[in-house]
>>> print(open('structure-v1.cif').read())   # mmCIF, C-alpha atoms and all ligand atoms
data_input
loop_
_atom_site.label_atom_id
_atom_site.label_comp_id
_atom_site.auth_asym_id
_atom_site.auth_seq_id
_atom_site.Cartn_x
_atom_site.Cartn_y
_atom_site.Cartn_z
CA MET A 40 35.76 -22.43 57.05
CA PRO A 41 37.99 -19.40 57.76
CA TYR A 42 38.68 -17.08 54.83
CA SER A 43 42.24 -15.77 54.50
CA PRO A 44 42.49 -13.01 51.83
CA GLY A 45 45.51 -13.65 49.63
CA LEU A 46 45.85 -17.04 51.39
CA LYS A 47 47.87 -15.16 54.01
CA ASP A 48 49.38 -17.55 56.62
CA ILE A 49 48.00 -20.61 54.80
CA VAL A 50 50.59 -23.34 54.13
CA ALA A 51 49.83 -24.41 50.55
CA ALA A 52 52.79 -26.75 49.94
CA GLU A 53 55.81 -28.41 51.48
CA THR A 54 59.14 -27.58 49.88
CA ARG A 55 62.82 -28.42 50.34
CA LEU A 56 63.82 -25.58 48.01
CA SER A 57 63.87 -22.42 50.12
CA HIS A 58 62.87 -21.14 53.51
CA VAL A 59 61.89 -17.56 54.23
CA ASP A 60 61.82 -16.30 57.82
CA GLY A 61 60.12 -12.93 57.65
CA GLU A 62 60.58 -12.08 61.34
CA VAL A 63 64.33 -12.75 61.46
CA GLY A 64 65.04 -11.66 57.87
CA GLU A 65 66.51 -14.94 56.72
CA LEU A 66 66.44 -16.70 53.36
CA VAL A 67 67.81 -20.23 53.07
CA ILE A 68 68.24 -21.83 49.63
CA ALA A 69 68.31 -25.65 49.83
CA GLY A 70 70.05 -25.45 53.20
CA TYR A 71 72.46 -22.59 52.40
CA PRO A 72 71.97 -19.10 53.87
CA LEU A 73 71.62 -16.70 50.95
CA GLU A 74 74.62 -14.63 52.12
CA GLU A 75 76.77 -17.78 52.11
CA ILE A 76 76.06 -18.82 48.58
CA ALA A 77 74.72 -16.03 46.33
CA GLU A 78 78.01 -14.17 45.93
CA ARG A 79 80.06 -17.36 45.40
CA ALA A 80 78.15 -19.86 43.27
CA THR A 81 77.74 -19.82 39.52
CA TYR A 82 74.16 -19.78 38.28
CA GLU A 83 74.52 -23.33 36.95
CA GLU A 84 75.60 -24.51 40.43
CA MET A 85 72.51 -22.91 41.95
CA VAL A 86 70.23 -24.57 39.38
CA HIS A 87 71.84 -27.94 40.10
CA LEU A 88 71.40 -27.36 43.83
CA LEU A 89 67.69 -26.67 43.44
CA TRP A 90 66.99 -29.47 40.99
CA HIS A 91 69.16 -32.18 42.54
CA GLY A 92 69.44 -31.09 46.17
CA ASN A 93 73.25 -30.80 46.16
CA LEU A 94 76.06 -28.70 44.69
CA PRO A 95 77.64 -30.56 41.76
CA ASP A 96 81.24 -31.83 41.81
CA LYS A 97 83.53 -30.81 38.93
CA VAL A 98 82.45 -33.63 36.61
CA ASP A 99 78.74 -33.16 37.23
CA LEU A 100 79.07 -29.41 36.83
CA ARG A 101 80.82 -29.72 33.47
CA ARG A 102 78.15 -32.12 32.23
CA PHE A 103 75.29 -29.98 33.55
CA LYS A 104 76.70 -26.79 32.01
CA GLY A 105 77.05 -28.59 28.69
CA GLU A 106 73.47 -29.88 28.84
CA LEU A 107 72.13 -26.39 29.48
CA ALA A 108 74.35 -24.73 26.88
CA ALA A 109 73.10 -27.19 24.26
CA CYS A 110 69.51 -25.93 24.70
CA ARG A 111 70.08 -22.19 24.26
CA SER A 112 69.06 -21.63 20.63
CA ILE A 113 65.58 -20.25 20.03
CA PRO A 114 63.38 -22.19 17.56
CA ARG A 115 62.58 -20.31 14.35
CA SER A 116 58.85 -20.14 15.14
CA SER A 117 59.53 -18.43 18.50
CA LEU A 118 61.98 -16.03 16.84
CA GLU A 119 59.26 -15.14 14.34
CA ILE A 120 56.94 -14.26 17.23
CA LEU A 121 59.65 -12.03 18.70
CA ARG A 122 60.14 -10.25 15.36
CA LYS A 123 56.40 -9.54 15.09
CA ALA A 124 56.27 -8.37 18.70
CA ALA A 125 59.22 -6.03 18.08
CA ASN A 126 57.41 -4.55 15.06
CA GLU A 127 54.47 -3.79 17.36
CA ARG A 128 56.85 -2.43 20.07
CA ARG A 129 55.42 -4.81 22.65
CA SER A 130 56.95 -4.65 26.14
CA VAL A 131 59.90 -6.97 26.77
CA ILE A 132 58.13 -9.00 29.43
CA ASP A 133 55.05 -9.51 27.21
CA ALA A 134 57.26 -10.61 24.32
CA VAL A 135 59.09 -13.02 26.63
CA ARG A 136 55.76 -14.45 27.80
CA MET A 137 54.65 -14.96 24.18
CA ALA A 138 57.93 -16.59 23.15
CA VAL A 139 57.98 -18.91 26.16
CA ALA A 140 54.36 -19.89 25.46
CA SER A 141 55.39 -20.84 21.92
CA LEU A 142 58.13 -23.28 22.98
CA PRO A 143 57.20 -26.89 22.16
CA SER A 144 56.64 -29.07 25.21
CA THR A 145 58.23 -32.54 25.18
CA ASP A 146 58.81 -34.07 28.61
CA ASP A 147 59.41 -32.49 32.02
CA GLU A 148 63.16 -33.04 32.06
CA SER A 149 63.91 -31.50 28.69
CA ASP A 150 61.31 -28.74 29.21
CA ALA A 151 63.12 -27.86 32.46
CA ARG A 152 66.48 -27.47 30.72
CA THR A 153 64.95 -25.68 27.73
CA LEU A 154 63.21 -23.10 29.92
CA VAL A 155 66.29 -22.21 31.94
CA ALA A 156 68.66 -22.24 28.96
CA ARG A 157 66.42 -20.37 26.51
CA LEU A 158 64.96 -17.60 28.61
CA PRO A 159 68.18 -15.52 28.44
CA SER A 160 68.32 -16.08 24.67
CA VAL A 161 64.74 -14.87 24.30
CA VAL A 162 65.33 -11.75 26.41
CA ALA A 163 68.57 -10.86 24.61
CA ALA A 164 67.19 -11.56 21.13
CA TYR A 165 64.10 -9.46 21.75
CA TRP A 166 66.09 -6.59 23.21
CA ARG A 167 68.31 -6.47 20.14
CA LEU A 168 65.30 -6.67 17.80
CA LEU A 169 63.77 -3.70 19.61
CA GLN A 170 66.99 -1.75 18.94
CA GLY A 171 66.76 -2.67 15.23
CA LYS A 172 69.68 -5.14 15.57
CA GLN A 173 69.93 -8.82 14.71
CA PRO A 174 69.91 -11.40 17.54
CA ILE A 175 73.29 -12.92 18.39
CA GLU A 176 73.65 -16.70 18.42
CA PRO A 177 74.56 -18.10 21.86
CA ASP A 178 78.22 -19.01 22.44
CA PRO A 179 78.37 -22.53 23.93
CA VAL A 180 81.86 -21.89 25.32
CA LEU A 181 80.59 -19.17 27.65
CA GLY A 182 78.84 -19.85 30.95
CA HIS A 183 75.14 -19.11 31.36
CA VAL A 184 75.52 -15.53 32.61
CA ALA A 185 78.51 -14.48 30.49
CA ASN A 186 76.63 -15.74 27.44
CA LEU A 187 73.55 -13.71 28.37
CA LEU A 188 75.60 -10.50 28.53
CA TYR A 189 77.37 -11.47 25.30
CA MET A 190 74.03 -12.03 23.50
CA LEU A 191 72.78 -8.66 24.75
CA HIS A 192 75.80 -6.53 23.90
CA GLY A 193 77.80 -8.52 21.34
CA GLU A 194 81.05 -8.49 23.31
CA ASN A 195 82.55 -10.71 25.97
CA PRO A 196 81.76 -9.12 29.34
CA GLY A 197 84.36 -8.52 32.07
CA GLU A 198 84.47 -10.84 35.07
CA ASP A 199 83.13 -8.19 37.45
CA ARG A 200 79.95 -7.74 35.42
CA VAL A 201 79.44 -11.49 35.09
CA ARG A 202 79.91 -11.90 38.86
CA ALA A 203 77.49 -9.06 39.68
CA LEU A 204 74.75 -10.35 37.39
CA THR A 205 75.30 -13.91 38.65
CA THR A 206 74.90 -12.68 42.22
CA TYR A 207 71.63 -11.02 41.22
CA LEU A 208 70.25 -14.10 39.44
CA ASN A 209 71.30 -16.33 42.37
CA THR A 210 69.67 -13.96 44.84
CA VAL A 211 66.26 -14.13 43.17
CA ILE A 212 66.40 -17.80 42.12
CA ASP A 213 63.81 -18.94 44.67
CA HIS A 214 61.76 -17.44 47.44
CA GLY A 215 59.18 -19.70 49.06
CA MET A 216 55.54 -19.58 47.99
CA ASN A 217 55.50 -16.20 46.22
CA ALA A 218 52.71 -15.35 43.75
CA SER A 219 54.47 -16.45 40.55
CA THR A 220 55.76 -19.69 42.08
CA PHE A 221 52.30 -20.49 43.38
CA THR A 222 50.90 -19.81 39.91
CA ALA A 223 53.36 -22.27 38.36
CA ARG A 224 52.53 -24.92 40.95
CA VAL A 225 48.77 -24.51 40.44
CA ILE A 226 49.18 -25.02 36.69
CA VAL A 227 51.35 -28.13 37.10
CA SER A 228 48.93 -29.48 39.73
CA THR A 229 46.41 -30.05 36.92
CA ARG A 230 49.05 -32.29 35.24
CA SER A 231 49.61 -29.56 32.68
CA ASP A 232 53.14 -29.07 31.28
CA PHE A 233 56.08 -26.98 32.50
CA ILE A 234 55.96 -24.60 29.50
CA SER A 235 52.38 -23.64 30.41
CA ALA A 236 53.35 -23.27 34.08
CA ILE A 237 56.24 -20.90 33.35
CA THR A 238 54.12 -18.89 30.90
CA GLY A 239 51.59 -18.36 33.71
CA ALA A 240 54.34 -17.57 36.22
CA ILE A 241 55.72 -14.83 33.96
CA GLY A 242 52.22 -13.34 33.79
CA ALA A 243 52.07 -13.28 37.60
CA LEU A 244 55.59 -11.88 37.95
CA LYS A 245 55.07 -8.81 35.79
CA GLY A 246 52.57 -7.13 38.13
CA PRO A 247 53.88 -4.02 39.91
CA LEU A 248 53.26 -5.56 43.32
CA HIS A 249 55.58 -8.48 42.51
CA GLY A 250 58.40 -8.40 39.93
CA GLY A 251 57.33 -5.21 38.22
CA ALA A 252 58.62 -2.92 40.98
CA PRO A 253 62.29 -2.23 40.08
CA GLY A 254 61.57 -0.22 36.92
CA PRO A 255 59.42 2.25 38.88
CA VAL A 256 62.16 2.43 41.56
CA ILE A 257 64.51 3.99 38.99
CA SER A 258 61.75 6.35 37.78
CA VAL A 259 61.26 7.51 41.37
CA LEU A 260 65.01 8.06 41.91
CA GLU A 261 65.25 9.99 38.65
CA ALA A 262 62.20 12.09 39.50
CA ILE A 263 63.67 12.93 42.94
CA GLY A 264 67.01 13.79 41.33
CA ASP A 265 68.58 15.35 44.41
CA VAL A 266 68.67 14.39 48.10
CA GLY A 267 67.01 17.70 49.00
CA ASN A 268 63.82 16.68 47.17
CA ALA A 269 63.46 13.18 48.64
CA GLU A 270 61.28 13.86 51.66
CA SER A 271 58.76 16.16 49.97
CA TYR A 272 58.48 13.83 46.95
CA LEU A 273 57.92 10.68 49.03
CA ARG A 274 55.56 12.46 51.41
CA GLU A 275 53.41 13.57 48.49
CA LYS A 276 53.23 9.97 47.21
CA LEU A 277 52.15 8.67 50.60
CA GLU A 278 49.66 11.53 51.11
CA SER A 279 47.98 10.58 47.84
CA GLY A 280 47.75 6.94 48.95
CA GLU A 281 50.41 5.59 46.61
CA ARG A 282 52.77 2.75 47.55
CA LEU A 283 56.51 3.32 47.58
CA MET A 284 58.05 0.83 45.19
CA GLY A 285 60.88 -1.26 46.64
CA PHE A 286 59.46 -1.16 50.17
CA GLY A 287 57.22 -3.52 52.13
CA HIS A 288 56.89 -7.24 51.74
CA ALA A 289 54.21 -9.86 52.17
CA VAL A 290 56.49 -11.92 54.46
CA TYR A 291 59.44 -9.82 55.70
CA ARG A 292 58.79 -7.61 58.69
CA VAL A 293 62.51 -6.69 58.81
CA ARG A 294 64.91 -5.75 56.04
CA ASP A 295 64.83 -8.22 53.15
CA PRO A 296 68.17 -10.14 53.39
CA ARG A 297 68.45 -9.97 49.60
CA ALA A 298 68.69 -6.17 49.78
CA ASP A 299 72.10 -6.33 51.52
CA VAL A 300 73.54 -8.85 49.06
CA LEU A 301 72.42 -6.74 46.11
CA SER A 302 73.47 -3.48 47.69
CA ARG A 303 77.02 -4.88 48.10
CA ALA A 304 77.05 -6.08 44.49
CA ALA A 305 75.75 -2.73 43.20
CA ARG A 306 78.14 -0.46 45.10
CA SER A 307 81.21 -1.01 42.91
CA PHE A 308 79.33 0.21 39.82
CA PHE A 309 78.75 3.63 41.33
CA ALA A 310 82.14 5.16 42.08
CA ASP A 311 81.13 8.84 42.10
CA GLU A 312 79.92 10.19 45.49
CA HIS A 313 77.10 12.29 44.08
CA ASP A 314 75.59 9.65 41.90
CA LEU A 315 72.48 7.51 41.93
CA TYR A 316 73.80 5.17 44.63
CA THR A 317 74.27 7.96 47.18
CA LEU A 318 70.84 9.31 46.32
CA ALA A 319 69.36 5.82 46.70
CA LEU A 320 70.84 5.43 50.20
CA HIS A 321 69.23 8.70 51.22
CA VAL A 322 65.90 7.85 49.59
CA GLU A 323 65.90 4.48 51.35
CA LYS A 324 66.48 6.06 54.77
CA THR A 325 63.81 8.69 54.16
CA ALA A 326 61.27 6.19 52.83
CA ILE A 327 61.63 3.93 55.86
CA LYS A 328 61.21 6.88 58.21
CA LEU A 329 58.09 8.10 56.37
CA LEU A 330 56.57 4.63 56.09
CA GLU A 331 56.79 4.32 59.87
CA GLU A 332 55.10 7.72 60.16
CA TYR A 333 52.29 6.99 57.67
CA LYS A 334 51.87 3.27 58.38
CA PRO A 335 52.90 2.97 62.03
CA GLY A 336 53.53 -0.54 63.29
CA ARG A 337 53.34 -2.14 59.81
CA ARG A 338 57.15 -2.58 59.85
CA LEU A 339 57.64 -1.74 56.17
CA GLN A 340 61.29 -2.13 55.16
CA THR A 341 63.42 -2.22 52.02
CA ASN A 342 62.67 -5.20 49.77
CA VAL A 343 64.72 -6.96 47.09
CA GLU A 344 63.48 -4.72 44.29
CA PHE A 345 65.06 -1.51 45.54
CA TYR A 346 68.65 -2.71 45.15
CA THR A 347 67.76 -4.85 42.15
CA ALA A 348 67.03 -1.58 40.39
CA LEU A 349 70.39 -0.15 41.45
CA LEU A 350 72.41 -3.21 40.51
CA LEU A 351 70.81 -3.72 37.11
CA LYS A 352 71.08 -0.02 36.35
CA GLY A 353 74.75 -0.16 37.41
CA LEU A 354 75.22 -3.02 34.96
CA GLY A 355 73.98 -0.71 32.22
CA LEU A 356 70.68 -2.50 31.69
CA HIS A 357 67.61 -0.53 30.66
CA PRO A 358 64.71 -0.54 33.19
CA ASP A 359 62.54 -2.33 30.60
CA LEU A 360 64.86 -5.32 31.11
CA PHE A 361 64.53 -5.43 34.90
CA THR A 362 61.45 -7.66 35.20
CA PRO A 363 62.63 -9.94 32.35
CA MET A 364 65.94 -10.33 34.22
CA PHE A 365 64.02 -11.32 37.32
CA ALA A 366 62.32 -14.03 35.23
CA VAL A 367 65.73 -15.19 33.92
CA GLY A 368 66.84 -15.72 37.54
CA ARG A 369 63.59 -17.09 38.97
CA VAL A 370 62.85 -19.55 36.16
CA ALA A 371 65.05 -22.25 37.73
CA GLY A 372 63.14 -21.89 41.00
CA TRP A 373 59.80 -22.03 39.22
CA VAL A 374 60.88 -25.18 37.42
CA ALA A 375 62.14 -26.75 40.67
CA HIS A 376 58.72 -26.09 42.22
CA CYS A 377 57.07 -27.63 39.17
CA MET A 378 59.17 -30.77 39.76
CA GLU A 379 58.15 -30.86 43.43
CA GLN A 380 54.52 -30.31 42.54
CA ARG A 381 54.68 -33.09 39.97
CA SER A 382 55.83 -35.51 42.66
CA VAL A 383 52.96 -34.48 44.98
CA ASP A 384 50.45 -34.92 42.15
CA ARG A 385 47.56 -33.24 43.93
CA ILE A 386 45.37 -30.71 42.17
CA PHE A 387 44.95 -27.34 43.91
CA ARG A 388 41.28 -26.76 44.61
CA PRO A 389 40.64 -24.33 47.46
CA GLU A 390 37.14 -23.30 48.49
CA SER A 391 35.47 -19.94 47.95
CA ARG A 392 32.81 -18.35 50.10
CA TYR A 393 29.75 -17.26 48.13
CA THR A 394 28.72 -13.65 48.83
CA GLY A 395 26.26 -13.19 45.95
CA ILE A 396 22.46 -13.09 45.82
CA GLU A 397 20.80 -16.30 47.05
CA SER A 398 17.47 -16.41 45.21
CA ASN A 399 17.23 -14.74 41.81
CA ARG A 400 14.42 -15.81 39.47
CA TRP A 401 14.58 -15.88 35.69
CA THR A 402 13.01 -12.86 33.84
CA PRO A 403 12.66 -12.97 30.02
CA VAL A 404 14.74 -10.29 28.29
CA GLU A 405 11.68 -8.26 27.15
CA ASP A 406 10.52 -7.93 30.79
CA ARG A 407 13.85 -6.71 32.26
N1 LIG B 501 54.17 1.86 50.42
C1 LIG B 501 53.13 2.36 51.14
N2 LIG B 501 52.31 1.60 51.88
C2 LIG B 501 52.56 0.28 51.89
C3 LIG B 501 53.64 -0.30 51.18
C4 LIG B 501 54.44 0.56 50.42
N3 LIG B 501 55.47 0.09 49.71
N4 LIG B 501 53.63 -1.64 51.39
C5 LIG B 501 52.59 -1.90 52.21
N5 LIG B 501 51.94 -0.75 52.51
C6 LIG B 501 50.79 -0.60 53.38
C7 LIG B 501 49.60 -1.39 52.89
O1 LIG B 501 48.81 -0.60 52.01
C8 LIG B 501 48.90 -1.69 54.19
O2 LIG B 501 48.24 -0.50 54.60
P1 LIG B 501 46.90 -0.58 55.53
O3 LIG B 501 47.26 -1.45 56.69
O4 LIG B 501 46.63 0.84 55.87
O5 LIG B 501 45.86 -1.20 54.65
C9 LIG B 501 50.03 -1.89 55.17
O6 LIG B 501 51.13 -1.18 54.62
C10 LIG B 501 50.43 -3.32 55.41
O7 LIG B 501 50.72 -3.95 54.21
P2 LIG B 501 51.31 -5.43 54.23
O8 LIG B 501 50.22 -6.35 54.69
O9 LIG B 501 52.58 -5.43 54.99
O10 LIG B 501 51.68 -5.66 52.74
P3 LIG B 501 50.97 -6.63 51.72
O11 LIG B 501 51.25 -8.03 52.08
O12 LIG B 501 49.55 -6.22 51.52
O13 LIG B 501 51.74 -6.23 50.39
C11 LIG B 501 53.53 -5.76 48.96
C12 LIG B 501 53.06 -6.57 50.18
C13 LIG B 501 52.55 -6.03 47.79
C14 LIG B 501 54.91 -6.19 48.55
C15 LIG B 501 53.49 -4.26 49.35
O14 LIG B 501 54.39 -4.03 50.41
C16 LIG B 501 53.79 -3.33 48.18
O15 LIG B 501 52.90 -3.04 47.40
N6 LIG B 501 55.06 -2.86 48.05
C17 LIG B 501 55.42 -1.99 46.95
C18 LIG B 501 55.64 -2.79 45.68
C19 LIG B 501 56.92 -3.60 45.73
O16 LIG B 501 57.98 -3.10 46.09
N7 LIG B 501 56.78 -4.87 45.32
C20 LIG B 501 57.90 -5.82 45.30
C21 LIG B 501 57.79 -6.79 46.44
S1 LIG B 501 59.13 -7.92 46.47
C22 LIG B 501 58.71 -9.10 45.32
O17 LIG B 501 57.59 -9.41 45.08
C23 LIG B 501 59.79 -9.76 44.61
#
>>> encode(input="structure-v1.cif", output="structure tokens", more="lines below")
Ligand code: ACO
Amino acid sequence: MPYSPGLKDIVAAETRLSHVDGEVGELVIAGYPLEEIAERATYEEMVHLLWHGNLPDKVDLRRFKGELAACRSIPRSSLEILRKAANERRSVIDAVRMAVASLPSTDDESDARTLVARLPSVVAAYWRLLQGKQPIEPDPVLGHVANLLYMLHGENPGEDRVRALTTYLNTVIDHGMNASTFTARVIVSTRSDFISAITGAIGALKGPLHGGAPGPVISVLEAIGDVGNAESYLREKLESGERLMGFGHAVYRVRDPRADVLSRAARSFFADEHDLYTLALHVEKTAIKLLEEYKPGRRLQTNVEFYTALLLKGLGLHPDLFTPMFAVGRVAGWVAHCMEQRSVDRIFRPESRYTGIESNRWTPVEDR
């Protein structure tokens, strides 16, 4: 049996949720090109699209928004976990993982709504606790994204900020068989519950090779500081064998289509010519040139995380919130995959190739 490290090029599932064409640089979400839908739809519309296969009409949308809004409050036991985690100054993504793990599981349908509706509440509550502030109760009148910003900052956000964050969450809502989605599907394939699946998915997401990249992108931009330093800084990283965060992708061999959508959304938050955005454009150009020099023919291009960092920073969010925000967007995709996996009802059980010793013999401990 052939061995494919990382299951590269192995089709592990069929899905109607999203299609990634890494050669052309195309992402299709339930039939819609990303560029067509991400900057227009509300987050609730995107969730409905993934879960039901169609965009809701006005009546369905109102009902769906109401159903989600009704599930936003965090149970007291989960809030207690967040308070303890804040006392220990645990990272935001670890606290989110702990709080999600503590949510009671009932049935798939209500778990699905609970996970999508409560994740923003968990992130916002924990962030405030870390700042020594009290969590803010969700406002059921506000939409999903406006309410998230309200719970974080305690004031109603402007439309431009809601739109920009919505575009981000829509952009990352689903992306084929990535590592965290696969994790969720493996867990559900054992007939385990959705809460367990999303807890595992968060664990997979936080790694620096997956959803943990945008924080380091900002650190790199800040360390470079000025366009004049970009080339020497990046060269040094590559010389020492480090990876440049925000570049390269397991599937895309051309520019990640999500980068353009996020770059457009980020631009308006950086008005000044000499600011981070201008620096980022220069760093991007230099990084791509150097990657071709150091890794010729690998076709390493900008990925989603580079402009995620810019957009979320432009929205005034701290880098510690970047990966949790990714989870807030992706959770609806994870849940949609859990639903698909549930309907397949086939446990994942790949093979492994044994490379260990063939014929050891037992030796009592006193003779070893
Ligand atoms: N910087 C430097 N070298 C790189 C980078 C990078 N960003 N990305 C890949 N390479 C190198 C690999 O080490 C490999 O080198 P080799 O052929 O000499 O062994 C070569 O380029 C080819 O790598 P790929 O097969 O194209 O990449 P792979 O599938 O192994 O990894 C990954 C993909 C993990 C995303 C990688 O590009 C990476 O680590 N990027 C930086 C981290 C990052 O931005 N992650 C976010 C990805 S997007 C997301 O998950 C939401």
>>> closest_residue(input="structure-v1.cif", among="A:Val225, A:Val162, A:Leu248, A:Ala348", to="ligand LIG 501 (chain B)", atoms="all atoms listed in the file")
A:Leu248
>>> residues_around(input="structure-v1.cif", residues="Val131 (chain A)", least_positions_apart="3", cutoff="8 Å", atoms="only C-alpha atoms", output="PyMOL selection string")
chain A and resi 134-135+162+165-166+359-360+363
>>> atom_distance(input="structure-v1.cif", atom1="CA of Glu344 (chain A)", atom2="CA of Ala319 (chain A)")
12.3 Å
>>> residues_near_point(input="structure-v1.cif", point="(56.6, -25.1, 20.9)", cutoff="12 Å", atoms="all atoms listed in the file", output="PyMOL selection string")
chain A and resi 113-118+120+137-145+150+153-154+232-235
>>> write_last_selection(input="structure-v1.cif", atoms="C-alpha atoms", output="compact mmCIF listing (two decimals), keeping the file's coordinate frame")
# COMPACT_ATOMS: atom_id res chain seq x y z
CA ILE A 113 65.58 -20.25 20.03
CA PRO A 114 63.38 -22.19 17.56
CA ARG A 115 62.58 -20.31 14.35
CA SER A 116 58.85 -20.14 15.14
CA SER A 117 59.53 -18.43 18.50
CA LEU A 118 61.98 -16.03 16.84
CA ILE A 120 56.94 -14.26 17.23
CA MET A 137 54.65 -14.96 24.18
CA ALA A 138 57.93 -16.59 23.15
CA VAL A 139 57.98 -18.91 26.16
CA ALA A 140 54.36 -19.89 25.46
CA SER A 141 55.39 -20.84 21.92
CA LEU A 142 58.13 -23.28 22.98
CA PRO A 143 57.20 -26.89 22.16
CA SER A 144 56.64 -29.07 25.21
CA THR A 145 58.23 -32.54 25.18
CA ASP A 150 61.31 -28.74 29.21
CA THR A 153 64.95 -25.68 27.73
CA LEU A 154 63.21 -23.10 29.92
CA ASP A 232 53.14 -29.07 31.28
CA PHE A 233 56.08 -26.98 32.50
CA ILE A 234 55.96 -24.60 29.50
CA SER A 235 52.38 -23.64 30.41
>>> residues_around(input="structure-v1.cif", residues="region 267-271 of chain A", least_positions_apart="5", cutoff="9 Å", atoms="all atoms listed in the file", output="VMD selection string")
chain A and resid 260 276 318 321 to 322 325 to 326 329
>>> atom_distance(input="structure-v1.cif", atom1="CA of Leu56 (chain A)", atom2="CA of His87 (chain A)")
11.5 Å
>>> residues_around(input="structure-v1.cif", residues="Leu46 (chain A)", least_positions_apart="6", cutoff="12 Å", atoms="only C-alpha atoms", output="MDAnalysis selection string")
chainID A and resid 216:218 221 289 389:391
>>> closest_atom_pairs(input="structure-v1.cif", of="chain A", to="ligand LIG 501 (chain B)", cutoff="9 Å", atoms="all atoms listed in the file", output="Markdown table")
| residue | atom | partner | partner_atom | distance |
| --- | --- | --- | --- | --- |
| A:Gly45 | CA | B:LIG501 | O11 | 8.4 |
| A:Lys47 | CA | B:LIG501 | O11 | 8.1 |
| A:Val211 | CA | B:LIG501 | C23 | 7.9 |
| A:His214 | CA | B:LIG501 | C23 | 8.4 |
| A:Asn217 | CA | B:LIG501 | O17 | 7.2 |
| A:Ala218 | CA | B:LIG501 | O17 | 7.8 |
| A:Ser219 | CA | B:LIG501 | O17 | 8.9 |
| A:Leu244 | CA | B:LIG501 | O17 | 7.8 |
| A:Gly246 | CA | B:LIG501 | N7 | 8.6 |
| A:Pro247 | CA | B:LIG501 | C18 | 6.2 |
| A:Leu248 | CA | B:LIG501 | N7 | 4.1 |
| A:His249 | CA | B:LIG501 | O17 | 3.4 |
| A:Gly250 | CA | B:LIG501 | C23 | 5.1 |
| A:Gly251 | CA | B:LIG501 | C20 | 7.1 |
| A:Ala252 | CA | B:LIG501 | C19 | 5.1 |
| A:Pro253 | CA | B:LIG501 | O16 | 7.4 |
| A:Val256 | CA | B:LIG501 | O16 | 8.3 |
| A:Lys276 | CA | B:LIG501 | C1 | 8.6 |
| A:Leu277 | CA | B:LIG501 | C1 | 6.4 |
| A:Gly280 | CA | B:LIG501 | C1 | 7.4 |
| A:Glu281 | CA | B:LIG501 | C1 | 6.2 |
| A:Arg282 | CA | B:LIG501 | N1 | 3.3 |
| A:Leu283 | CA | B:LIG501 | N1 | 4.0 |
| A:Met284 | CA | B:LIG501 | O16 | 4.0 |
| A:Gly285 | CA | B:LIG501 | O16 | 3.5 |
| A:Phe286 | CA | B:LIG501 | N3 | 4.2 |
| A:Gly287 | CA | B:LIG501 | O14 | 3.4 |
| A:His288 | CA | B:LIG501 | C14 | 3.9 |
| A:Ala289 | CA | B:LIG501 | O11 | 3.5 |
| A:Val290 | CA | B:LIG501 | O11 | 6.9 |
| A:Tyr291 | CA | B:LIG501 | O9 | 8.2 |
| A:Arg292 | CA | B:LIG501 | O9 | 7.6 |
| A:Asp295 | CA | B:LIG501 | S1 | 8.8 |
| A:Ala326 | CA | B:LIG501 | N1 | 8.7 |
| A:Leu330 | CA | B:LIG501 | C1 | 6.4 |
| A:Tyr333 | CA | B:LIG501 | N2 | 7.9 |
| A:Lys334 | CA | B:LIG501 | O6 | 5.9 |
| A:Pro335 | CA | B:LIG501 | O6 | 8.7 |
| A:Gly336 | CA | B:LIG501 | C10 | 8.9 |
| A:Arg337 | CA | B:LIG501 | C10 | 5.4 |
| A:Arg338 | CA | B:LIG501 | O9 | 7.3 |
| A:Leu339 | CA | B:LIG501 | N4 | 6.2 |
| A:Gln340 | CA | B:LIG501 | N3 | 8.3 |
| A:Thr341 | CA | B:LIG501 | O16 | 8.1 |
| A:Asn342 | CA | B:LIG501 | S1 | 5.6 |
| A:Val343 | CA | B:LIG501 | S1 | 5.7 |
| A:Glu344 | CA | B:LIG501 | C20 | 5.8 |
| A:Phe345 | CA | B:LIG501 | O16 | 7.3 |
| A:Phe365 | CA | B:LIG501 | C23 | 8.6 |
>>> atom_distance(input="structure-v1.cif", atom1="CA of Ser228 (chain A)", atom2="CA of Val161 (chain A)")
26.5 Å
>>> closest_residue(input="structure-v1.cif", among="A:Leu73, A:Thr220, A:Ser231, A:Glu278", to="Ala52 (chain A)", atoms="all atoms listed in the file")
A:Thr220
>>> closest_residue(input="structure-v1.cif", among="A:Arg122, A:Arg294, A:Arg224, A:His58", to="Ala164 (chain A)", atoms="only C-alpha atoms")
A:Arg122
>>> closest_residue(input="structure-v1.cif", among="A:Gly193, A:Gly182, A:Pro358, A:Pro177", to="Pro255 (chain A)", atoms="all atoms listed in the file")
A:Pro358
>>> decode(input="structure-v1.cif", residues="region 393-397 of chain A", atoms="N, CA and C atoms", output="tab-separated table (two decimals), in the first residue's frame")
chain	number	residue	atom	x	y	z
A	393	TYR	N	4.46	-0.43	9.50
A	393	TYR	CA	5.35	-0.66	10.65
A	393	TYR	C	6.81	-0.56	10.23
A	394	THR	N	7.58	0.28	10.96
A	394	THR	CA	9.01	0.42	10.63
A	394	THR	C	9.89	0.05	11.83
A	395	GLY	N	9.26	-0.57	12.84
A	395	GLY	CA	10.01	-0.90	14.07
A	395	GLY	C	10.74	-2.23	13.95
A	396	ILE	N	11.28	-2.66	15.09
A	396	ILE	CA	12.05	-3.92	15.16
A	396	ILE	C	11.08	-5.09	15.04
A	397	GLU	N	11.47	-6.13	14.31
A	397	GLU	CA	10.56	-7.26	14.04
A	397	GLU	C	10.56	-8.31	15.15
